[in-house]
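Listing of query-v7.txt, compact mmCIF, C-alpha atoms and all ligand atoms
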# COMPACT_ATOMS: atom_id res chain seq x y z
CA MET A 1 -12.48 24.15 54.12
CA ASP A 2 -12.29 27.26 56.27
CA PRO A 3 -9.31 29.35 55.22
CA VAL A 4 -6.25 29.22 57.45
CA ASP A 5 -5.44 32.54 59.09
CA LEU A 6 -2.37 33.71 57.22
CA THR A 7 -2.01 36.99 59.12
CA PRO A 8 0.89 37.11 61.59
CA ASP A 9 -0.27 37.24 65.19
CA CYS A 10 2.87 38.34 67.01
CA ASP A 11 1.00 38.42 70.34
CA SER A 12 0.61 34.65 70.07
CA CYS A 13 4.21 34.09 69.05
CA PHE A 14 7.51 34.34 70.90
CA GLY A 15 9.35 36.68 68.56
CA LEU A 16 10.38 33.62 66.60
CA CYS A 17 11.53 35.48 63.49
CA CYS A 18 13.54 37.85 65.72
CA VAL A 19 15.35 34.95 67.36
CA LEU A 20 15.50 31.99 65.05
CA LEU A 21 16.35 33.57 61.69
CA PRO A 22 19.79 34.86 60.65
CA PHE A 23 20.06 38.55 59.67
CA ARG A 24 22.55 40.12 57.26
CA THR A 25 23.08 43.83 56.86
CA GLN A 26 23.18 43.48 53.06
CA ASP A 27 19.63 42.08 53.21
CA GLY A 28 18.22 45.15 54.94
CA PHE A 29 18.87 44.45 58.59
CA GLY A 30 20.60 46.83 60.94
CA ALA A 31 23.11 44.23 62.14
CA ASP A 32 24.35 40.76 61.35
CA LYS A 33 23.31 37.92 63.60
CA VAL A 34 23.21 34.16 63.40
CA GLY A 35 20.04 32.11 63.60
CA GLY A 36 19.11 31.24 67.19
CA GLU A 37 20.51 34.43 68.66
CA PRO A 38 17.86 36.90 69.92
CA CYS A 39 17.87 40.23 68.10
CA ALA A 40 19.31 43.01 70.28
CA ASN A 41 16.06 44.96 69.74
CA LEU A 42 13.90 42.22 71.24
CA GLU A 43 12.70 42.85 74.77
CA LEU A 44 10.53 40.98 77.18
CA VAL A 45 7.65 43.32 78.04
CA LYS A 46 4.96 42.11 80.44
CA GLY A 47 6.02 38.54 79.75
CA ALA A 48 5.81 38.85 75.95
CA ASP A 49 8.57 39.23 73.37
CA ARG A 50 8.38 42.67 71.79
CA CYS A 51 10.50 44.63 69.30
CA ARG A 52 11.36 47.91 71.00
CA ILE A 53 11.84 49.74 67.67
CA HIS A 54 8.85 48.19 65.86
CA HIS A 55 7.29 51.65 65.26
CA ARG A 56 10.43 52.95 63.53
CA LEU A 57 12.04 49.94 61.86
CA GLU A 58 12.37 51.44 58.39
CA GLU A 59 14.05 54.68 59.46
CA SER A 60 16.25 52.82 61.92
CA GLY A 61 17.83 50.74 59.18
CA TRP A 62 15.79 47.56 59.50
CA PRO A 63 13.63 47.46 56.32
CA GLY A 64 14.24 43.70 56.14
CA CYS A 65 11.99 43.27 59.18
CA VAL A 66 9.24 45.33 57.54
CA ALA A 67 9.46 43.25 54.37
CA PHE A 68 9.36 39.90 56.17
CA ASP A 69 5.92 38.28 56.38
CA CYS A 70 5.72 34.89 58.08
CA ARG A 71 2.15 34.49 56.78
CA GLY A 72 0.98 33.41 60.19
CA ALA A 73 3.53 30.63 60.50
CA GLY A 74 4.95 32.09 63.71
CA GLN A 75 1.89 31.59 65.88
CA GLN A 76 1.32 28.10 64.43
CA VAL A 77 4.86 27.05 65.37
CA ALA A 78 4.66 28.72 68.78
CA GLN A 79 1.21 27.58 69.86
CA VAL A 80 0.66 24.32 67.99
CA THR A 81 3.99 22.74 67.08
CA TYR A 82 5.62 23.63 70.41
CA GLY A 83 2.42 23.77 72.47
CA GLY A 84 2.86 27.32 73.71
CA VAL A 85 6.27 26.67 75.28
CA SER A 86 8.72 29.44 74.43
CA TRP A 87 12.37 29.06 73.50
CA ARG A 88 12.96 31.03 76.72
CA GLU A 89 11.52 28.21 78.80
CA ARG A 90 13.49 25.42 77.15
CA ASP A 91 17.17 26.11 76.91
CA GLU A 92 18.42 22.94 75.26
CA PRO A 93 21.22 23.98 72.87
CA TRP A 94 19.73 22.14 69.89
CA LEU A 95 16.20 23.45 70.33
CA ARG A 96 16.56 26.83 68.65
CA ALA A 97 18.19 25.23 65.62
CA GLU A 98 15.27 22.80 65.36
CA MET A 99 12.70 25.57 65.87
CA GLY A 100 14.37 27.67 63.18
CA ALA A 101 14.19 24.83 60.68
CA VAL A 102 10.56 24.16 61.64
CA LEU A 103 9.68 27.86 61.24
CA SER A 104 11.18 27.84 57.74
CA VAL A 105 9.09 24.80 56.80
CA MET A 106 5.95 26.39 58.23
CA VAL A 107 6.56 29.66 56.37
CA THR A 108 6.85 27.66 53.14
CA LEU A 109 3.57 25.83 53.85
CA HIS A 110 1.76 29.06 54.68
CA ARG A 111 3.10 30.79 51.57
CA ARG A 112 1.81 27.89 49.46
CA LEU A 113 -1.60 28.23 51.09
CA ALA A 114 -1.56 31.94 50.27
CA ASP A 115 -1.21 31.04 46.59
CA LEU A 116 -4.15 28.61 46.60
CA ASP A 117 -7.90 28.95 46.77
CA SER A 118 -9.28 27.34 49.93
CA ASP A 119 -11.54 25.16 47.73
CA ASP A 120 -8.51 23.64 46.00
CA PRO A 121 -8.02 20.00 47.16
CA ALA A 122 -4.33 20.74 47.69
CA TYR A 123 -5.26 23.43 50.19
CA ALA A 124 -6.68 20.96 52.73
CA GLU A 125 -3.72 18.63 52.25
CA ILE A 126 -1.19 21.36 52.91
CA ALA A 127 -3.23 22.76 55.79
CA ALA A 128 -3.22 19.33 57.46
CA LEU A 129 0.57 19.09 57.20
CA ARG A 130 0.83 22.11 59.50
CA ASP A 131 -0.31 20.02 62.46
CA GLY A 132 2.67 17.67 62.31
CA ASN A 133 5.21 17.46 65.11
CA PRO A 134 8.72 18.82 64.55
CA GLU A 135 10.04 15.51 63.25
CA GLU A 136 7.17 15.17 60.78
CA LEU A 137 7.53 18.76 59.58
CA LEU A 138 11.26 18.44 59.07
CA ALA A 139 10.79 15.21 57.10
CA LEU A 140 8.55 16.90 54.52
CA GLU A 141 9.96 17.06 51.03
CA LEU A 142 9.10 20.59 50.02
S1 LIG B 201 7.40 34.80 63.33
FE1 LIG B 201 5.56 35.87 62.55
S2 LIG B 201 4.08 35.89 64.26
FE2 LIG B 201 6.16 35.45 65.11
S3 LIG B 201 6.99 37.45 65.74
FE3 LIG B 201 7.72 37.02 63.63
S4 LIG B 201 6.18 38.01 62.29
FE4 LIG B 201 5.25 37.83 64.35
Could you spell out this file's structure in structure tokens?
Amino acid sequence: MDPVDLTPDCDSCFGLCCVLLPFRTQDGFGADKVGGEPCANLELVKGADRCRIHHRLEESGWPGCVAFDCRGAGQQVAQVTYGGVSWRERDEPWLRAEMGAVLSVMVTLHRRLADLDSDDPAYAEIAALRDGNPEELLALEL
């Protein structure tokens, strides 16, 4: 099958890693925050979520952000799983917790794809799982 694009496309995402994931200073982040809380460095610029220190993360004390690679899971969750509707547009209290769990599942699926050849039968099986809805993704036994 055609290989899945495993390159992060932050322009097609909603800063999901910057919002949904927890940060700890001991893991290379400049501040502690809980999952679901937008990073203080995230800004809405021209309608898109942008990191305002993206060009100087390492020297600003955020090497954890540089090291993180969602493997393209972010845009899949943003555009496919949630149909292009941002966490900013839906403010249900439970939603960010669900999206965070879904993002973690998707990152795991994309990392597995990165370890496989696209001709491997398992590749197509895992790729197909990515199109599940949130309930289906969260029910996967990874
Ligand atoms: S989750 Fe991935 S695609 Fe989305 S902002 Fe983070 S690195 Fe970019």
Practice task
Using only C-alpha atoms and all ligand atoms, find each residue with an atom at most 12 Å away from ligand LIG 201 (chain B) and format the answer as JSON, numbers by chain.
Solution key: {"A": [5, 6, 7, 8, 9, 10, 11, 12, 13, 14, 15, 16, 17, 18, 19, 20, 21, 38, 39, 42, 43, 48, 49, 50, 51, 54, 64, 65, 66, 67, 68, 69, 70, 71, 72, 73, 74, 75, 76, 77, 78, 79, 86, 99, 100, 102, 103, 104, 106, 107, 110]}
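Note that atom CA of A:Ile126 and atom CA of A:Leu113 are 7.1 Å apart.
In terms of minimum interatomic distance to A:Asp131, A:Thr81 ranks closest within A:Ser118, A:Thr81, A:Thr108, A:Asn41, counting all atoms listed in the file.
Here the question is which of A:Glu59, A:Asp117, A:Glu98, A:Asp91 gets nearest to A:Asp2 using all atoms listed in the file, and that residue is A:Asp117.
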Practice task
Tell me which of A:Arg56, A:Arg130, A:Arg111, A:Arg24 sits closest to A:Val80, counting all atoms listed in the file.
Solution key: A:Arg130
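What separates atom CA of A:Val4 from atom CA of A:Ile53 is a distance of 29.2 Å.
Interatomic distance, atom CA of A:Gly132 against atom CA of A:Val34: 26.4 Å.
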Completion exercise
With distances taken over all atoms listed in the file, the candidate from A:Val45, A:Leu116, A:Ala122, A:Ala101 nearest A:Pro134 is A:Ala101
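Counting all atoms listed in the file, the residue from A:Ala114, A:Ala31, A:Leu109, A:Ala124 that sits nearest to A:Leu140 is A:Leu109.
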Hey, could you patch up stretch 46-57 of chain A with all heavy atoms and hand it over as a tab-separated table (two decimals), keeping the file's coordinate frame?
chain	number	residue	atom	x	y	z
A	46	LYS	N	6.14	42.74	79.83
A	46	LYS	CA	4.96	42.11	80.44
A	46	LYS	C	4.87	40.64	80.03
A	46	LYS	O	3.79	40.14	79.66
A	46	LYS	CB	3.68	42.85	80.06
A	46	LYS	CG	3.63	44.26	80.62
A	46	LYS	CD	2.34	44.95	80.23
A	46	LYS	CE	2.33	46.39	80.72
A	46	LYS	NZ	1.24	47.17	80.18
A	47	GLY	N	6.00	39.97	80.02
A	47	GLY	CA	6.02	38.54	79.75
A	47	GLY	C	5.96	38.16	78.28
A	47	GLY	O	5.95	36.98	77.94
A	48	ALA	N	5.90	39.16	77.38
A	48	ALA	CA	5.81	38.85	75.95
A	48	ALA	C	7.02	39.43	75.22
A	48	ALA	O	7.54	40.48	75.60
A	48	ALA	CB	4.53	39.42	75.37
A	49	ASP	N	7.44	38.76	74.17
A	49	ASP	CA	8.57	39.23	73.37
A	49	ASP	C	8.12	40.37	72.46
A	49	ASP	O	7.20	40.19	71.66
A	49	ASP	CB	9.13	38.08	72.54
A	49	ASP	CG	9.83	37.06	73.41
A	49	ASP	OD1	10.93	37.36	73.89
A	49	ASP	OD2	9.27	35.98	73.65
A	50	ARG	N	8.77	41.50	72.57
A	50	ARG	CA	8.38	42.67	71.79
A	50	ARG	C	9.61	43.32	71.17
A	50	ARG	O	10.67	43.39	71.79
A	50	ARG	CB	7.71	43.72	72.68
A	50	ARG	CG	6.37	43.31	73.22
A	50	ARG	CD	5.30	43.48	72.13
A	50	ARG	NE	3.98	43.15	72.63
A	50	ARG	CZ	3.48	41.92	72.67
A	50	ARG	NH1	4.19	40.90	72.21
A	50	ARG	NH2	2.28	41.69	73.14
A	51	CYS	N	9.44	43.85	69.94
A	51	CYS	CA	10.50	44.63	69.30
A	51	CYS	C	10.40	46.06	69.81
A	51	CYS	O	9.36	46.70	69.66
A	51	CYS	CB	10.32	44.60	67.78
A	51	CYS	SG	11.46	45.72	66.94
A	52	ARG	N	11.47	46.57	70.41
A	52	ARG	CA	11.36	47.91	71.00
A	52	ARG	C	11.47	49.02	69.96
A	52	ARG	O	11.25	50.19	70.28
A	52	ARG	CB	12.41	48.08	72.11
A	52	ARG	CG	13.81	48.15	71.69
A	52	ARG	CD	14.76	48.26	72.88
A	52	ARG	NE	16.09	47.89	72.48
A	52	ARG	CZ	16.91	48.70	71.81
A	52	ARG	NH1	16.53	49.91	71.52
A	52	ARG	NH2	18.10	48.27	71.45
A	53	ILE	N	11.81	48.70	68.71
A	53	ILE	CA	11.84	49.74	67.67
A	53	ILE	C	10.82	49.42	66.55
A	53	ILE	O	10.97	49.89	65.43
A	53	ILE	CB	13.25	49.92	67.08
A	53	ILE	CG1	13.76	48.63	66.42
A	53	ILE	CG2	14.23	50.40	68.13
A	53	ILE	CD1	14.98	48.86	65.54
A	54	HIS	N	9.81	48.64	66.89
A	54	HIS	CA	8.85	48.19	65.86
A	54	HIS	C	8.19	49.36	65.14
A	54	HIS	O	7.89	49.28	63.94
A	54	HIS	CB	7.78	47.30	66.50
A	54	HIS	CG	6.94	46.58	65.50
A	54	HIS	ND1	5.67	46.97	65.16
A	54	HIS	CD2	7.22	45.51	64.73
A	54	HIS	CE1	5.19	46.17	64.22
A	54	HIS	NE2	6.11	45.27	63.95
A	55	HIS	N	7.97	50.48	65.84
A	55	HIS	CA	7.29	51.65	65.26
A	55	HIS	C	8.21	52.47	64.36
A	55	HIS	O	7.75	53.41	63.71
A	55	HIS	CB	6.76	52.54	66.40
A	55	HIS	CG	7.82	52.97	67.35
A	55	HIS	ND1	8.48	52.10	68.19
A	55	HIS	CD2	8.37	54.19	67.57
A	55	HIS	CE1	9.37	52.76	68.90
A	55	HIS	NE2	9.33	54.02	68.54
A	56	ARG	N	9.51	52.15	64.35
A	56	ARG	CA	10.43	52.95	63.53
A	56	ARG	C	11.50	52.06	62.88
A	56	ARG	O	12.66	52.44	62.77
A	56	ARG	CB	11.09	54.05	64.37
A	56	ARG	CG	11.77	53.55	65.63
A	56	ARG	CD	12.40	54.70	66.42
A	56	ARG	NE	12.90	54.25	67.71
A	56	ARG	CZ	14.11	53.76	67.93
A	56	ARG	NH1	14.99	53.68	66.94
A	56	ARG	NH2	14.47	53.36	69.14
A	57	LEU	N	11.09	50.89	62.44
A	57	LEU	CA	12.04	49.94	61.86
A	57	LEU	C	12.70	50.48	60.59
A	57	LEU	O	13.92	50.41	60.43
A	57	LEU	CB	11.34	48.61	61.55
A	57	LEU	CG	11.11	47.68	62.74
A	57	LEU	CD1	10.13	46.58	62.37
A	57	LEU	CD2	12.44	47.08	63.21
